[in-house]
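Next up, data_11.cif (mmCIF, C-alpha atoms and all ligand atoms):
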data_model
loop_
_atom_site.label_atom_id
_atom_site.label_comp_id
_atom_site.auth_asym_id
_atom_site.auth_seq_id
_atom_site.Cartn_x
_atom_site.Cartn_y
_atom_site.Cartn_z
CA MET R 1 0.00 0.00 0.00
CA ASN R 2 1.42 3.41 -0.83
CA ASN R 3 2.19 6.01 1.81
CA SER R 4 -0.45 8.55 0.80
CA ILE R 5 -3.20 5.94 1.23
CA LEU R 6 -1.81 5.02 4.66
CA LEU R 7 -1.73 8.68 5.68
CA GLU R 8 -5.28 9.28 4.47
CA ARG R 9 -6.49 6.25 6.39
CA LEU R 10 -4.67 7.41 9.52
CA LYS R 11 -6.11 10.92 9.22
CA TRP R 12 -9.64 9.51 9.03
CA ARG R 13 -9.08 7.03 11.86
CA MET R 14 -7.93 9.90 14.08
CA ILE R 15 -10.88 12.11 13.03
CA GLU R 16 -13.17 9.24 14.07
CA TRP R 17 -11.13 8.66 17.26
CA GLU R 18 -11.68 12.28 18.28
CA SER R 19 -15.32 12.44 17.18
CA GLY R 20 -17.13 15.11 19.20
CA CYS R 21 -13.92 17.02 19.91
CA PRO R 22 -13.33 19.36 16.96
CA GLN R 23 -10.64 21.20 18.93
CA ARG R 24 -8.40 18.14 19.04
CA ILE R 25 -9.18 17.24 15.40
CA GLN R 26 -8.17 20.74 14.29
CA HIS R 27 -5.12 20.54 16.56
CA PHE R 28 -3.67 17.38 15.00
CA LEU R 29 -4.53 18.44 11.43
CA LYS R 30 -2.51 21.62 11.99
CA VAL R 31 0.37 19.77 13.65
CA ALA R 32 0.57 17.31 10.72
CA SER R 33 0.50 20.17 8.20
CA PHE R 34 3.26 22.11 9.99
CA ALA R 35 5.27 18.89 10.33
CA VAL R 36 5.17 18.44 6.55
CA THR R 37 6.13 22.10 6.02
CA ILE R 38 9.12 21.80 8.36
CA ALA R 39 10.18 18.43 6.91
CA ARG R 40 10.06 19.79 3.33
CA GLY R 41 11.96 22.92 4.33
CA GLU R 42 14.67 20.77 5.88
CA GLY R 43 15.00 18.77 2.66
CA ALA R 44 13.83 15.57 4.35
CA ASP R 45 13.60 12.37 2.32
CA GLU R 46 10.24 10.76 1.49
CA HIS R 47 10.34 8.33 4.40
CA THR R 48 11.09 11.10 6.93
CA LEU R 49 8.24 13.16 5.46
CA PHE R 50 5.91 10.18 5.78
CA LEU R 51 6.85 9.50 9.41
CA ALA R 52 6.61 13.19 10.35
CA GLU R 53 3.09 13.56 8.90
CA ALA R 54 1.94 10.30 10.52
CA ALA R 55 3.36 11.40 13.89
CA GLY R 56 1.51 14.71 13.55
CA TYR R 57 -1.85 12.97 13.09
CA ILE R 58 -1.50 10.47 15.89
CA HIS R 59 0.70 12.15 18.51
CA ASP R 60 -2.14 13.04 20.92
CA ILE R 61 -4.04 9.74 20.71
CA GLY R 62 -3.47 9.21 24.45
CA ILE R 63 -5.52 12.22 25.59
CA ARG R 64 -8.92 10.58 25.09
CA ILE R 65 -7.80 7.37 26.83
CA SER R 66 -6.45 9.38 29.78
CA TYR R 67 -9.79 11.16 30.22
CA ASP R 68 -11.78 7.93 29.81
CA ARG R 69 -9.71 5.95 32.32
CA ASP R 70 -8.55 8.56 34.83
CA GLY R 71 -10.97 11.42 34.33
CA ARG R 72 -8.01 13.70 33.67
CA SER R 73 -5.10 14.02 31.33
CA ASP R 74 -1.48 15.00 31.83
CA GLY R 75 1.59 14.67 29.64
CA LYS R 76 2.88 11.50 31.30
CA SER R 77 -0.41 9.57 31.16
CA GLN R 78 -0.94 10.66 27.55
CA GLU R 79 2.46 9.22 26.65
CA CYS R 80 1.81 6.04 28.63
CA TYR R 81 -1.62 5.28 27.21
CA GLY R 82 -0.84 6.71 23.80
CA GLU R 83 2.13 4.57 22.78
CA PRO R 84 0.43 1.13 22.77
CA ALA R 85 -2.80 2.57 21.31
CA ALA R 86 -0.84 4.19 18.48
CA LYS R 87 1.03 0.98 17.74
CA GLU R 88 -2.22 -0.96 17.54
CA MET R 89 -3.96 1.61 15.30
CA LEU R 90 -0.99 1.92 12.93
CA ALA R 91 -0.68 -1.87 12.60
CA GLU R 92 -4.42 -2.17 11.87
CA ILE R 93 -4.21 0.50 9.18
CA GLY R 94 -1.38 -1.39 7.48
CA PHE R 95 1.78 0.47 8.53
CA ALA R 96 4.95 -1.62 8.27
CA PRO R 97 5.93 -2.95 11.73
CA ASP R 98 9.12 -0.82 11.87
CA ASP R 99 7.22 2.37 10.99
CA ALA R 100 4.44 1.61 13.49
CA GLU R 101 7.10 1.06 16.15
CA THR R 102 8.95 4.27 15.30
CA VAL R 103 5.87 6.51 15.18
CA SER R 104 4.40 5.09 18.39
CA ARG R 105 7.71 5.70 20.16
CA TYR R 106 7.34 9.41 19.35
CA VAL R 107 3.82 9.30 20.79
CA GLY R 108 5.32 7.80 23.95
CA LYS R 109 7.78 10.63 24.53
CA HIS R 110 6.46 13.76 22.83
CA HIS R 111 5.86 15.57 26.13
CA SER R 112 9.39 14.81 27.29
CA TYR R 113 10.91 17.83 25.62
CA ASP R 114 14.44 17.09 24.65
CA ALA R 115 15.19 19.01 21.52
CA GLU R 116 18.79 17.79 21.59
CA ILE R 117 17.76 14.28 20.52
CA PRO R 118 19.42 13.80 17.13
CA ASP R 119 16.27 12.49 15.49
CA LEU R 120 14.86 14.72 12.79
CA VAL R 121 11.32 13.31 12.85
CA PHE R 122 11.00 13.72 16.61
CA ARG R 123 12.37 17.24 16.42
CA ILE R 124 9.93 18.12 13.64
CA LEU R 125 7.01 16.77 15.71
CA LEU R 126 8.03 18.81 18.78
CA GLU R 127 8.40 21.98 16.72
CA ALA R 128 5.12 21.51 14.83
CA ASP R 129 3.26 20.78 18.08
CA ALA R 130 4.79 23.87 19.72
CA CYS R 131 3.74 26.07 16.76
CA VAL R 132 0.13 25.02 17.33
CA ASN R 133 0.14 24.91 21.13
CA MET R 134 1.57 28.39 21.46
CA PHE R 135 -1.32 29.67 19.36
CA GLU R 136 -4.07 27.60 20.98
CA HIS R 137 -3.10 28.43 24.57
CA ALA R 138 -4.62 31.80 25.32
CA GLY R 139 -2.65 34.60 26.89
CA VAL R 140 0.87 33.43 26.04
CA SER R 141 3.33 36.32 26.25
CA ASP R 142 6.06 37.07 23.73
CA GLY R 143 8.54 36.24 26.51
CA ALA R 144 7.09 32.73 26.88
CA ARG R 145 7.09 32.32 23.11
CA LEU R 146 10.76 33.27 22.95
CA GLU R 147 11.55 30.81 25.73
CA MET R 148 9.81 28.07 23.74
CA LEU R 149 11.84 29.10 20.70
CA ARG R 150 15.09 28.64 22.64
CA ASN R 151 14.04 25.41 24.36
CA VAL R 152 12.43 23.51 21.52
CA PHE R 153 13.29 24.84 18.08
CA ARG R 154 16.42 23.54 16.39
CA THR R 155 15.58 23.35 12.66
CA GLU R 156 16.00 26.49 10.54
CA THR R 157 12.57 25.94 8.94
CA GLY R 158 10.86 25.48 12.32
CA LYS R 159 12.47 28.67 13.67
CA LYS R 160 11.47 30.63 10.56
CA LEU R 161 7.89 29.32 10.67
CA TYR R 162 7.49 30.04 14.38
CA THR R 163 9.08 33.50 14.45
CA THR R 164 7.28 34.60 11.28
CA MET R 165 3.91 33.32 12.47
CA PHE R 166 4.10 35.12 15.81
CA GLY R 167 5.96 38.15 14.46
CA LEU R 168 8.83 37.59 16.89
CA SER R 169 12.09 39.40 16.42
CA VAL R 170 15.13 37.55 17.73
FE FE R 201 -0.32 18.11 20.37
#
Output the file's structure as structure tokens, nothing else.
Amino acid sequence: MNNSILLERLKWRMIEWESGCPQRIQHFLKVASFAVTIARGEGADEHTLFLAEAAGYIHDIGIRISYDRDGRSDGKSQECYGEPAAKEMLAEIGFAPDDAETVSRYVGKHHSYDAEIPDLVFRILLEADACVNMFEHAGVSDGARLEMLRNVFRTETGKKLYTTMFGLSV
């Protein structure tokens, strides 16, 4: 099965997964789109692009499980519940076992911000998620946005996207 069919299937599975929560659907659609933009800007190969877009769609799969099981959701429980759920969904859709493993590992650590990890897909996911989160969270100051820039952003494309979007001068 080709990658664009897999991605389309994943997008729809996640839209169905988040049925009734348009905020989270719009969140992951934006994260996936920014992930592709950053990956293309960094000259990523086709496989990296594929993994980055897939990670964008599925990265927050653990939120709904956390609310269902614990009545609340924090970064750690999202990672914990999200990783096995992601692996299962990706395998069902038809992702190759290695790709399902790789993408679900990102789901399992995407709140553990470590932008120094030399893994381009993971870095792209963190940057794309930060671009969206810093818009969706109300009342974020320019100071907090600049701190996020320093802590998370490492790719030139991610930095350009983020600073341009928020009109930040550095
Ligand atoms: Fe997210």
Give the answer as one residue: which of R:Tyr67, R:Phe28, R:Tyr106, R:Phe122 has the shortest atom-to-atom distance to ligand FE 201 (chain R), using only C-alpha atoms and all ligand atoms?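 Result for the nearest residue to ligand FE 201 (chain R): R:Phe28.
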Mind listing as a PyMOL selection string all residues within 12 Å of (-10.5, 3.9, 11.8), counting all atoms listed in the file? chain R and resi 6-19+58+86+88-94
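Distance annotation: of R:Arg150, R:Lys87, R:His47, R:His59, the residue with the minimal separation from ligand FE 201 (chain R) is R:His59; atom set is all atoms listed in the file.
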Can you tell me which residues come within 8 Å of ligand FE 201 (chain R) when counting all atoms listed in the file, ideally as a list in words?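 Those residues are His27, Phe28, Val31, Gly56, His59, Asp60, Asp129, Ala130, Val132 and Asn133 of chain R.
Atom to atom, CA of Phe50 in chain R and CA of Ser77 in chain R stand 26.2 Å apart.
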How many Å separate CA of Val140 in chain R from CA of Phe166 in chain R? 10.9 Å
Considering all atoms listed in the file, return as number ranges by chain whatever protein or nucleic-acid residues lie within 12 Å of Gly167 in chain R, sequence-local ones (same chain, fewer than 6 positions apart) excluded. R: 142, 145-146, 159-161
At what distance in Å, to one decimal, does CA of Arg72 in chain R lie from CA of Val103 in chain R? 24.2 Å
Could you check which of R:Gly20, R:Val107, R:Leu168, R:Ala55 is closest to Ser141 in chain R, using all atoms listed in the file? R:Leu168
Residue with the minimum atom-to-atom distance to Ile63 in chain R, picked from R:Gly108, R:Gly41, R:Gly139, R:Pro118 with only C-alpha atoms counted, is R:Gly108
Residue with the minimum atom-to-atom distance to Asp99 in chain R, picked from R:Ser112, R:Ser169, R:Thr48, R:Gln23 with all atoms listed in the file counted, is R:Thr48
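Nearest-residue note for Gly143 in chain R: choosing from R:Val170, R:Ala128, R:Cys21, R:Met165, the minimum distance belongs to R:Val170, counting all atoms listed in the file.
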